[in-house]
Every structure is written in C-alpha cells, then in structure tokens.
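Enquirer: Encoded as structure tokens, here's the structure I'll be asking about.
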Amino acid sequence: MISLIWTIFILHIAIFLINTIGATTIDNLLWHLYLKLPTSLYSTAQEQSKLKREVVQLKRDMNNTSSQDEFAKWAKLRRRHDKALSDYEALNQKLSSQKSSFDWFVKIARWLSTTGLKLFIQFRYSKAPVFELPGGWLPYPVEWILAFPRAPQGSVSVQVWNSVCATAVSVMAEIITGMALQVKGKGQAVPATATKMQ
C-alpha cells in the first residue's frame with residue numbers, strides 16, 4: 001500500500017496537472033475516448049460524422065452547380081442537403097445531451113478523486129502523523145507549527161504536508177518549465193548564429 005506521504009504528493013501532482021491542462025480539455029479528451037468505445041453512442045457518433053461529411057460535400061456540390069442553368073440538379077442537391085442537415089442536427093442534439101450528462105459525471109468523479117480525496121485524508125488522518133521528526137532537531141515552536149493543528153508533537157501533520165506538497169509541486173513545475181524554455185531557446189539560438197557565420 002502506498003504510504004500517506006506518497007499518496008498526498010501524488011494527489012497534489014494530479015491536481016496540478018488538472019489545473020494546468022484544464023478541466024475542459026480533459027473532459028473533451030475523455031468524451032472523444034468514450035465515443036471510441038463500443039457503446040450505443042459509438043454508432044451514433046459514427047453516423048453523425050458520416051452525415052457531417054455528407055452535408056459538407058452536398059453544400060460544395062450545390063455551390064459548384066448553377067441554380068439557374070442546372071436548376072433540376074441544384075434542386076435535387078438542395079433537397080438531399082436539407083434532409084442530411086436535419087438528420088445531422090437531430091443526431092448532434094442527441095449527442096449534445098449525452099455529452100452534458102457525461103460532463104456532469106466526469107466533473108463529479110474528478111472532484112471526488114482529487115479535492116474530495118484530499119478533504120477525506122485531511123479529516124481522516126488529522127490526528128495521525130505523516131512522519132515523525134528526529135527528537136531534539138527542531139525547537140519547540142517549530143515542532144508545534146509542523147504538528148498543527150492536531151498531530152502529535154514532534155511529527156508533521158497532514159495539513160502541513162499538504163501545504164508542503166502543493167508548494168513543492170508548483171516550484172518543481174516552474175523549474176522544469178524554465179529548464180525546458182532555456183533548452184528550447186538554446187536550440188533555436190544555435191542554428192540562427194550558425195547561419196550568420198555562413
């Protein structure tokens with residue numbers, strides 16, 4: 001079983017990634033993945049995609065056909081386009097209502113697995129030490145702050161460890177981002193100076 005130390009740290013990494021990537025982006029990705037699964041919505045999504053391509057193709061054919069010179073052909077294309085468009089809109093409305101339900105379910109699952117789990121851990125382990133500090137290493141006021149609010153004296157509380165993990169994850173992300181930008185900047189600067197020398 002994963003220790004409390006690593007559980008809280010991994011939880012804060014997950015929260016940071018969700019906040020960085022964006023909940024809406026994750027919801028859309030999960031929706032597209034869900035549509036690929038063999039469910040009842042799979043065939044509906046395939047039919048909607050097929051109708052969308054058909055509507056676009058018929059619209060293109062209508063635009064390429066003169067409504068005055070080839071009226072019979074244009075009228076036939078127009079009827080097919082209107083029928084395909086109404087079928088597409090009906091399927092689109094059905095999928096939109098299903099997506100609303102799916103988004104609601106995903107939001108609840110995301111909240112329960114991140115913020116809800118964090119709150120549960122804070123209340124469940126409020127009196128339990130995350131880890132013990134070596135005796136006599138820190139003065140009493142520092143030990144009291146690290147054990148705040150309810151952990152035993154000489155240990156680190158869940159609340160303090162949550163704060164430490166949140167800060168550590170954001171600082172590590174800034175360091176990694178800075179290093180990546182620096183490497184990217186050097187990678188772009190080298191070819192530019194090499195071309196000037198030639």
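Naming works like this for the structure tokens: A, B, ... for the chains as they're shown, residue 1 at the start of each chain, ligands 1 onward in shown order.
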Give me the residues near A:Leu85 as number ranges by chain, where near means some atom within 9 Å (using only C-alpha atoms) and where sequence neighbours in that chain fewer than 5 positions away do not count.
Expert: A: 51-52, 54-55, 80, 90
Enquirer: Residues at most 10 Å from A:Lys94, counting only C-alpha atoms, excluding those fewer than 5 positions away in the same chain, as a ChimeraX atom specification?
Expert: /A:41,44-45,88-89,99
Enquirer: Using only C-alpha atoms, pick whichever of A:Thr167, A:Ser100, A:Gln159, A:Asn92 has the shortest atom-to-atom distance to A:Pro129.
Expert: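 Nearest candidate to A:Pro129 out of A:Thr167, A:Ser100, A:Gln159, A:Asn92: A:Gln159.
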Enquirer: Residues of chain A classed as strand (DSSP E) by DSSP on the backbone are to be reported as a PyMOL selection string.
Expert: chain A and resi 131-132+155-156
Enquirer: If you count only C-alpha atoms, which residues fall within 10 Å of stretch 14-30 of chain A, apart from same-chain ones fewer than 6 positions away, as a PyMOL selection string?
Expert: chain A and resi 8+36+99+102-104+106-107+110-111+113-115+118+166+169-170+173
Enquirer: Taking only C-alpha atoms into account, name the residue in A:Val164, A:Glu174, A:Leu33, A:Pro38 that is nearest to A:His12.
Expert: A:Val164
Enquirer: So how many Å separate atom CA of A:Asp82 and atom CA of A:Ser67, to one decimal?
Expert: 15.6 Å
